[in-house]
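Q: Okay, handing you the structure first.
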Amino acid sequence: MSYETIIVETRGKVGLVTLNRPKALNALNSQVIGEINAVLDGFERDPGIGAIVITGSEKAFAAGADILEMKAKTYPESYLEDFITTWDRIGQRRKPIIAAVAGYALGGGCELAMMCDFILAADTAKFGQPEIKLGVMPGAGGTQRLTRFVGKSKAMEMCLTGRLMDAAEAERVGLVSRIVPAADLVAEAMKVAAQIADLSLPAVMMTKESVNRSYETTLAEGVRFERRVFHAMFAMADQKEGMAAFAEKRPADFKNR
Ligand code: CO8
């Protein structure tokens with residue numbers, strides 16, 4: 001399948017999605033989101049894919065939702081077409097997704113990065129929710145996810161003023177997992193993704209599900225959920241293989257079952 005706004009590659013067990021609307025700094029219009037969803041649908045179905053990386057360009061991961069596409073929308077149109085709701089599917093994927101962010105990740109771009117499982121940032125990365133300057137507010141989870149990542153004070157300041165956060169601050173407050181030099185960003189993200197993709201896919205997916213559960217429930221319920229899933233893992237051939245490989249001092253050969 002061919003795409004117009006993204007470039008899709010598969011390297012080994014890793015799927016790489018590169019946002020590709022350079023003239024609009026990768027602004028996210030409905031076509032981009034549709035194409036990302038279509039390719040992620042394929043990766044979810046493909047048993048050969050174990051992890052996914054989403055990245056942009058050196059200048060912009062994505063400078064937000066496409067302002068020109070949305071500026072004339074009316075309330076009934078937004079409501080009837082359920083504007084933005086298709087974005088949610090990106091955050092509901094079961095395989096791990098890493099956002100590799102260089103340059104601007106603003107508005108919907110920051111929200112897209114936060115829908116991924118973790119963010120690797122180039123030293124050039126800049127994060128922000130500047131929607132307030134357009135007379136609106138974040139609409140793809142920004143007021144919720146940013147607050148969980150960085151706490152109320154910083155999230156409130158960023159959403160109310162549109163102030164951008166550089167990579168160093170983003171790492172300090174836990175928005176990104178690590179900073180790497182911009183020139184190494186995609187290679188490093190692909191390396192980490194390949195490491196994950198070499199592990200047991202069901203174990204990886206269950207781990208992702210469990211970590212995400214911590215956002216949705218109480219500590220006691222979350223720990224109970226974790227325990228149930230952990231016990232269930234002893235039904236997997238990959239658990240036997242992983243622990244046997246450790247005992248026999250050899251690399252594990254996971255079969256994803
Ligand atoms: N939408 C549409 N086009 C954009 C966007 C955008 N978000 N951002 C940049 N562009 C376009 C510019 O219009 C320009 O096009 P042209 O050359 O045809 O005039 C081109 O990209 C290059 O941009 P600049 O000339 O402005 O480049 P600079 O280096 O001078 O500035 C900035 C870079 C600071 C990133 C600047 O482009 C900017 O401020 N962009 C807008 C950032 C913004 O406000 N983002 C939030 C958008 S609203 C949003 O994301 C709401 C999310 C809610 C969910 C959405 C669901 C669909």
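Chain labels run A, B, ... following the order of the structure tokens; each chain numbers its residues from 1, and ligands are numbered from 1 in the order shown.
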Grab me every residue within 7 Å of ligand 1, counting only C-alpha atoms and all ligand atoms, and send it over as a list in words.
A: Lys23, Ala24, Leu25, Ala27, Leu28, Asn29, Ser30, Ala63, Gly64, Ala65, Asp66, Ile67, Leu68, Phe83, Ile84, Tyr104, Leu106, Gly107, Gly108, Gly109, Gln129, Pro130, Glu131, Leu134, Met137, Pro138, Gly139 and Ala140 of chain A
Q: Quick one: residues within 10 Å of A:Asp253, only C-alpha atoms, excluding same-chain residues fewer than 6 positions away - as a PDB file with C-alpha atoms, in the first residue's frame?
A:
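New file part-v6.pdb:
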```pdb
ATOM      1  CA  ASP A 198      13.564  -9.735  20.084  1.00  0.00           C
ATOM      2  CA  LEU A 199      11.824 -10.433  23.391  1.00  0.00           C
ATOM      3  CA  SER A 200       8.679 -12.495  23.882  1.00  0.00           C
ATOM      4  CA  ASP A 238       8.325 -18.243  26.423  1.00  0.00           C
ATOM      5  CA  GLU A 241      12.343 -20.802  27.526  1.00  0.00           C
ATOM      6  CA  GLY A 242      13.416 -17.504  29.118  1.00  0.00           C
ATOM      7  CA  ALA A 245      18.008 -20.031  28.948  1.00  0.00           C
TER       8      ALA A 245
END
```
Q: With only C-alpha atoms as the basis for distance, which of A:Val101, A:Ala182, A:Val229, A:Ile132 is at the shortest distance from A:Arg163?
A: A:Ile132
Q: I want to know what sits within 12 Å of stretch 144-149 of chain A, based on only C-alpha atoms, with residues of the same chain fewer than 4 positions away left out; could you give that as a ChimeraX atom specification?
A: /A:91,106-108,110-119,127-129,137-140,153-159,165,170-177,212,214-216
Q: Can you measure atom CA of A:Glu77 to atom CA of A:Glu35 for me? One decimal in Å is fine.
A: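 Atom-to-atom, atom CA of A:Glu77 and atom CA of A:Glu35 are spaced 21.7 Å apart.
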Q: Enumerate the residues of stretch 120-229 of chain A with a DSSP assignment of helix (DSSP H, G or I), computed from the backbone, and present them as a VMD selection string.
A: chain A and resid 130 to 134 142 to 150 152 to 161 167 to 172 182 to 197 201 to 213 219 to 229
Q: What is the distance between atom CA of A:Ala99 and atom CA of A:Glu188, in Å to one decimal?
A: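 Separation of atom CA of A:Ala99 and atom CA of A:Glu188: 11.4 Å.
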Q: Running DSSP on the backbone, which parts of stretch 16-118 of chain A land in strand (DSSP E), as a ChimeraX atom specification?
A: /A:16-19,51-55,60-62,97-101,104-106,118
Q: For A:Arg89, which residue among A:Leu19, A:Ile33, A:Ala203, A:Ile52 is the nearest when counting only C-alpha atoms?
A: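 Ranked by minimum distance to A:Arg89, first place goes to A:Ile33.
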Q: Residues at most 10 Å from A:Ala197, counting only C-alpha atoms, excluding those fewer than 5 positions away in the same chain, as a list in words?
A: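 Those residues are Gly12, Lys13, Val14, Gly48, Ile49, Gly50, Ala51, Ile52, Lys95, Pro96, Lys191, Val192 and Val204 of chain A.
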Q: Would you list the contacts of A:Asn20 as a list in words, taking every protein, DNA or RNA residue within 7 Å and counting only C-alpha atoms, but skipping same-chain residues closer than 3 positions in sequence?
A: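 Close residues of A:Asn20: Thr5, Ile6, Ile7, Asn26 and Gly56 of chain A.
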Q: Which of these residues is nearest to A:Ile54, using only C-alpha atoms: A:Val211, A:Leu164, A:Met233, A:Ala100?
A: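 Ranking A:Val211, A:Leu164, A:Met233, A:Ala100 by distance to A:Ile54, first place goes to A:Ala100.
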Q: Have a look at atom CA of A:Lys240 and atom CA of A:Leu219 and let me know their distance in Å, one decimal.
A: 29.1 Å
Q: Give me the residues near A:Arg11 as a list in words, where near means some atom within 9 Å (using only C-alpha atoms) and where sequence neighbours in that chain fewer than 3 positions away do not count.
A: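 After dropping sequence-adjacent residues, the list is Val14, Gly15, Leu16, Met190 and Ala194 of chain A.
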Q: Can you write out the residues you just picked, keeping C-alpha atoms, as a JSON list (two decimals), in the first residue's frame?
A:
```
[["chain", "number", "residue", "atom", "x", "y", "z"],
["A", 14, "VAL", "CA", 10.59, -3.22, 13.63],
["A", 15, "GLY", "CA", 8.14, -1.04, 11.73],
["A", 16, "LEU", "CA", 9.26, 2.55, 11.14],
["A", 190, "MET", "CA", 15.43, 1.55, 16.03],
["A", 194, "ALA", "CA", 14.81, -4.08, 17.88]]
```
Q: Which residue out of A:Pro181, A:Gly34, A:Pro22, A:Gly103 has the minimum interatomic distance to A:Lys126 when only C-alpha atoms are used?
A: A:Gly103
Q: Name all residues at most 10 Å from A:Ala168 (count only C-alpha atoms; drop same-chain ones fewer than 5 positions away) and give them as a PyMOL selection string.
A: chain A and resi 121-126+173+176+178-179
Q: Just to be explicit: take each residue in the selection above, keep N, CA and C atoms, and write the result as a PDB file, in the first residue's frame.
A:
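And here is the file that came out, part.pdb:
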```
ATOM      1  N   ALA A 121      13.998  11.548  22.913  1.00  0.00           N
ATOM      2  CA  ALA A 121      14.088  12.905  22.383  1.00  0.00           C
ATOM      3  C   ALA A 121      15.479  13.199  21.853  1.00  0.00           C
ATOM      4  N   ALA A 122      15.541  13.879  20.717  1.00  0.00           N
ATOM      5  CA  ALA A 122      16.803  14.463  20.275  1.00  0.00           C
ATOM      6  C   ALA A 122      17.071  15.689  21.139  1.00  0.00           C
ATOM      7  N   ASP A 123      18.341  16.101  21.193  1.00  0.00           N
ATOM      8  CA  ASP A 123      18.662  17.290  21.990  1.00  0.00           C
ATOM      9  C   ASP A 123      18.020  18.550  21.410  1.00  0.00           C
ATOM     10  N   THR A 124      17.474  18.452  20.209  1.00  0.00           N
ATOM     11  CA  THR A 124      16.798  19.594  19.565  1.00  0.00           C
ATOM     12  C   THR A 124      15.294  19.627  19.845  1.00  0.00           C
ATOM     13  N   ALA A 125      14.788  18.645  20.569  1.00  0.00           N
ATOM     14  CA  ALA A 125      13.330  18.524  20.703  1.00  0.00           C
ATOM     15  C   ALA A 125      12.735  19.684  21.509  1.00  0.00           C
ATOM     16  N   LYS A 126      11.552  20.106  21.095  1.00  0.00           N
ATOM     17  CA  LYS A 126      10.807  21.142  21.833  1.00  0.00           C
ATOM     18  C   LYS A 126       9.358  20.705  21.920  1.00  0.00           C
ATOM     19  N   VAL A 173      11.794  16.295  33.878  1.00  0.00           N
ATOM     20  CA  VAL A 173      10.469  16.119  34.491  1.00  0.00           C
ATOM     21  C   VAL A 173       9.798  14.800  34.097  1.00  0.00           C
ATOM     22  N   VAL A 176      10.161  12.643  28.703  1.00  0.00           N
ATOM     23  CA  VAL A 176      10.878  11.766  27.766  1.00  0.00           C
ATOM     24  C   VAL A 176      11.755  10.807  28.573  1.00  0.00           C
ATOM     25  N   ARG A 178      14.773   9.536  27.534  1.00  0.00           N
ATOM     26  CA  ARG A 178      16.200   9.840  27.367  1.00  0.00           C
ATOM     27  C   ARG A 178      16.379  10.872  26.275  1.00  0.00           C
ATOM     28  N   ILE A 179      17.547  11.547  26.308  1.00  0.00           N
ATOM     29  CA  ILE A 179      17.917  12.460  25.216  1.00  0.00           C
ATOM     30  C   ILE A 179      19.102  11.843  24.479  1.00  0.00           C
TER      31      ILE A 179
END
```
